[in-house]
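Source file protein39.tsv; content: TSV, C-alpha atoms.
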```tsv
chain	number	residue	atom	x	y	z
S	1	GLN	CA	0.00	0.00	0.00
S	2	VAL	CA	1.32	3.42	-0.94
S	3	GLN	CA	1.06	6.09	1.75
S	4	LEU	CA	0.49	9.61	0.47
S	5	VAL	CA	1.04	12.90	2.27
S	6	GLU	CA	-0.19	16.20	0.84
S	7	SER	CA	1.26	19.58	1.73
S	8	GLY	CA	1.24	23.14	0.48
S	9	GLY	CA	-2.30	24.21	1.22
S	10	GLY	CA	-3.12	27.55	2.79
S	11	LEU	CA	-5.00	30.82	2.52
S	12	VAL	CA	-4.62	33.03	-0.54
S	13	HIS	CA	-6.47	35.92	-2.13
S	14	THR	CA	-8.38	35.66	-5.38
S	15	GLY	CA	-5.93	35.52	-8.24
S	16	GLY	CA	-3.17	34.07	-6.12
S	17	SER	CA	-1.24	30.84	-6.54
S	18	LEU	CA	-0.39	27.76	-4.52
S	19	ARG	CA	1.59	24.63	-5.23
S	20	LEU	CA	0.46	21.45	-3.59
S	21	SER	CA	2.75	18.44	-3.16
S	22	CYS	CA	1.89	14.79	-2.77
S	23	ALA	CA	4.75	12.68	-1.43
S	24	ALA	CA	4.60	8.89	-1.59
S	25	SER	CA	6.19	6.33	0.66
S	26	LEU	CA	7.11	3.67	-1.91
S	27	ARG	CA	9.19	3.59	-5.07
S	28	THR	CA	6.38	1.70	-6.81
S	29	PHE	CA	4.63	5.07	-6.89
S	30	SER	CA	6.62	5.72	-10.06
S	31	VAL	CA	4.46	3.26	-12.02
S	32	CYS	CA	1.16	4.58	-10.66
S	33	ALA	CA	-1.09	7.21	-12.16
S	34	VAL	CA	-1.99	9.90	-9.64
S	35	GLY	CA	-5.05	12.05	-9.36
S	36	TRP	CA	-6.11	15.09	-7.36
S	37	PHE	CA	-9.63	15.49	-6.03
S	38	ARG	CA	-11.21	18.23	-3.98
S	39	GLN	CA	-14.13	18.44	-1.60
S	40	ALA	CA	-15.71	21.83	-1.16
S	41	PRO	CA	-17.37	22.92	2.10
S	42	GLY	CA	-20.82	21.44	2.48
S	43	LYS	CA	-20.42	19.16	-0.53
S	44	ALA	CA	-20.78	15.43	-0.04
S	45	GLU	CA	-18.85	14.41	-3.13
S	46	ARG	CA	-15.26	14.92	-4.14
S	47	GLU	CA	-14.67	16.59	-7.48
S	48	PHE	CA	-12.08	15.14	-9.84
S	49	VAL	CA	-9.53	17.86	-10.49
S	50	THR	CA	-6.78	16.27	-12.56
S	51	ALA	CA	-4.73	13.15	-13.20
S	52	ILE	CA	-1.29	12.34	-14.53
S	53	LYS	CA	0.01	9.18	-16.14
S	54	TRP	CA	2.75	7.23	-14.36
S	55	SER	CA	5.28	8.50	-16.91
S	56	GLY	CA	4.00	12.05	-16.75
S	57	GLY	CA	3.30	11.97	-20.46
S	58	SER	CA	-0.47	12.42	-20.28
S	59	THR	CA	-2.63	14.64	-18.12
S	60	TYR	CA	-6.31	15.43	-17.85
S	61	TYR	CA	-8.14	18.54	-16.62
S	62	PRO	CA	-11.86	19.26	-16.47
S	63	ASP	CA	-13.04	22.63	-17.76
S	64	SER	CA	-13.33	24.02	-14.23
S	65	VAL	CA	-9.54	24.11	-13.80
S	66	LYS	CA	-8.17	23.86	-17.34
S	67	GLY	CA	-5.65	26.57	-18.08
S	68	ARG	CA	-5.22	27.42	-14.39
S	69	PHE	CA	-4.01	24.18	-12.79
S	70	THR	CA	-1.01	22.12	-13.84
S	71	ILE	CA	-0.13	18.66	-12.56
S	72	SER	CA	3.41	17.35	-12.77
S	73	ARG	CA	5.52	14.67	-11.17
S	74	ASP	CA	9.08	13.92	-10.21
S	75	ASN	CA	9.39	10.16	-9.94
S	76	ALA	CA	12.94	10.43	-8.61
S	77	LYS	CA	11.45	12.20	-5.60
S	78	ASN	CA	8.26	10.11	-5.44
S	79	THR	CA	6.30	13.34	-5.57
S	80	VAL	CA	3.43	14.76	-7.60
S	81	TYR	CA	2.71	18.48	-7.71
S	82	LEU	CA	-0.37	20.55	-8.39
S	83	GLN	CA	0.38	24.11	-9.41
S	84	MET	CA	-2.73	26.25	-8.99
S	85	ASN	CA	-2.82	29.72	-10.52
S	86	SER	CA	-5.52	32.37	-10.85
S	87	LEU	CA	-7.30	30.92	-7.86
S	88	LYS	CA	-10.96	31.71	-7.31
S	89	PRO	CA	-13.13	31.50	-4.19
S	90	GLU	CA	-14.87	28.50	-5.72
S	91	ASP	CA	-11.56	26.64	-5.60
S	92	THR	CA	-11.83	26.59	-1.81
S	93	ALA	CA	-11.80	22.95	-0.73
S	94	VAL	CA	-9.83	20.18	0.88
S	95	TYR	CA	-7.54	18.79	-1.79
S	96	TYR	CA	-6.67	15.09	-1.83
S	97	CYS	CA	-4.14	13.21	-3.90
S	98	ALA	CA	-4.75	9.58	-4.74
S	99	ALA	CA	-2.80	6.78	-6.41
S	100	ASP	CA	-4.14	4.28	-8.92
S	101	LEU	CA	-2.61	1.08	-7.58
S	102	ILE	CA	-2.85	-0.82	-10.88
S	103	PRO	CA	0.63	-0.36	-12.34
S	104	LEU	CA	0.91	1.45	-15.67
S	105	ARG	CA	-2.85	2.03	-15.96
S	106	TYR	CA	-4.11	5.47	-16.98
S	107	LYS	CA	-7.78	6.28	-17.53
S	108	GLY	CA	-7.66	10.04	-18.01
S	109	SER	CA	-11.13	11.54	-18.08
S	110	ASP	CA	-12.69	8.15	-17.28
S	111	TYR	CA	-11.29	8.07	-13.77
S	112	SER	CA	-13.62	7.89	-10.79
S	113	GLN	CA	-12.85	7.85	-7.09
S	114	SER	CA	-13.15	4.08	-6.92
S	115	ASP	CA	-10.20	3.65	-9.31
S	116	PHE	CA	-7.79	5.04	-6.73
S	117	GLY	CA	-6.66	2.68	-4.00
S	118	SER	CA	-4.57	4.98	-1.83
S	119	TRP	CA	-5.48	8.44	-0.59
S	120	GLY	CA	-3.75	11.16	1.34
S	121	GLN	CA	-5.23	12.92	4.34
S	122	GLY	CA	-5.99	16.11	2.44
S	123	THR	CA	-4.76	19.68	2.59
S	124	GLN	CA	-6.99	22.74	2.98
S	125	VAL	CA	-7.01	25.43	0.32
S	126	THR	CA	-8.92	28.61	1.08
S	127	VAL	CA	-9.29	31.42	-1.44
S	128	SER	CA	-10.62	34.68	-0.08
S	129	SER	CA	-12.51	37.17	-2.23
```
Please lay out the structure from this file as structure tokens.
Amino acid sequence: QVQLVESGGGLVHTGGSLRLSCAASLRTFSVCAVGWFRQAPGKAEREFVTAIKWSGGSTYYPDSVKGRFTISRDNAKNTVYLQMNSLKPEDTAVYYCAADLIPLRYKGSDYSQSDFGSWGQGTQVTVSS
């Protein structure tokens, strides 16, 4: 089982930027696709934010974050990053990273929460207006 730890959340003003990190405990992380989800206050469901292929060669973004968020990874450091620019109050949420534990699989826009077997504890992002 891969253990994931997110960091980098905080409070920013509208238009600001944050970079989240997701550090993994095992080297096998390098063959796992990774996704970021977020859960806004009062919302029961987590929203799929982005995903990156194990090799970093493919990424997916829904329209809500496309052009503002960028996912990347450094497999030598067992870490995935989420660069968030032009933040809006509606981006306020707890952000979770998650690993797809089936090696070399990548589902892009077809991912759902159930595809990810390991989850971090979450990091709070708050965007003030």
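Comparing S:Asp115, S:Glu6, S:Asp110, S:Asp63 by their smallest distance to S:Cys32, the closest is S:Asp115 (using all atoms listed in the file).
Using all atoms listed in the file, the shortest contact distance between S:Tyr95 and any of S:Tyr60, S:Trp119, S:Trp54, S:Phe29 is found at S:Trp119.
Distance annotation: of S:Asn78, S:Thr50, S:Gln3, S:Ser64, the residue with the minimal separation from S:Val31 is S:Asn78; atom set is all atoms listed in the file.
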Contacts of stretch 83-90 of chain S at 7 Å or less, counting all atoms listed in the file, minus same-chain residues fewer than 2 places along, as a tab-separated table (two decimals) with C-alpha atoms, keeping the file's coordinate frame?
```tsv
chain	number	residue	atom	x	y	z
S	14	THR	CA	-8.38	35.66	-5.38
S	15	GLY	CA	-5.93	35.52	-8.24
S	16	GLY	CA	-3.17	34.07	-6.12
S	17	SER	CA	-1.24	30.84	-6.54
S	18	LEU	CA	-0.39	27.76	-4.52
S	19	ARG	CA	1.59	24.63	-5.23
S	20	LEU	CA	0.46	21.45	-3.59
S	68	ARG	CA	-5.22	27.42	-14.39
S	69	PHE	CA	-4.01	24.18	-12.79
S	70	THR	CA	-1.01	22.12	-13.84
S	71	ILE	CA	-0.13	18.66	-12.56
S	81	TYR	CA	2.71	18.48	-7.71
S	92	THR	CA	-11.83	26.59	-1.81
S	127	VAL	CA	-9.29	31.42	-1.44
S	128	SER	CA	-10.62	34.68	-0.08
S	129	SER	CA	-12.51	37.17	-2.23
```
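Considering the residues S:Ala23, S:Val94, S:Ser114, S:Ser7 and counting only C-alpha atoms, S:Ala44 has its shortest atom-to-atom contact with S:Val94.
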Inset, instruction - Skip stretch 120-124 of chain S itself and residues of its chain fewer than 4 positions away, then list as a ChimeraX atom specification all residues within 10 Å of it, counting all atoms listed in the file. - result: /S:2-11,20-24,36-40,92-99
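Considering all atoms listed in the file, the residue among S:Gly67, S:Gly42, S:Gly117, S:Pro62 positioned nearest to S:Asp100 is S:Gly117.
If you look at atom CA of S:Ala33 and atom CA of S:Lys53, they are 4.6 Å away from each other.
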Legend entry - atom CA of S:Glu47 to atom CA of S:Asn75, distance in Å rounded to a single decimal: 25.0 Å
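Separating atom CA of S:Val80 from atom CA of S:Lys66 is a distance of 17.7 Å.
Minimum distance to S:Thr59 across S:Lys77, S:Glu45, S:Leu82, S:Asp91 (counting all atoms listed in the file) occurs at S:Leu82.
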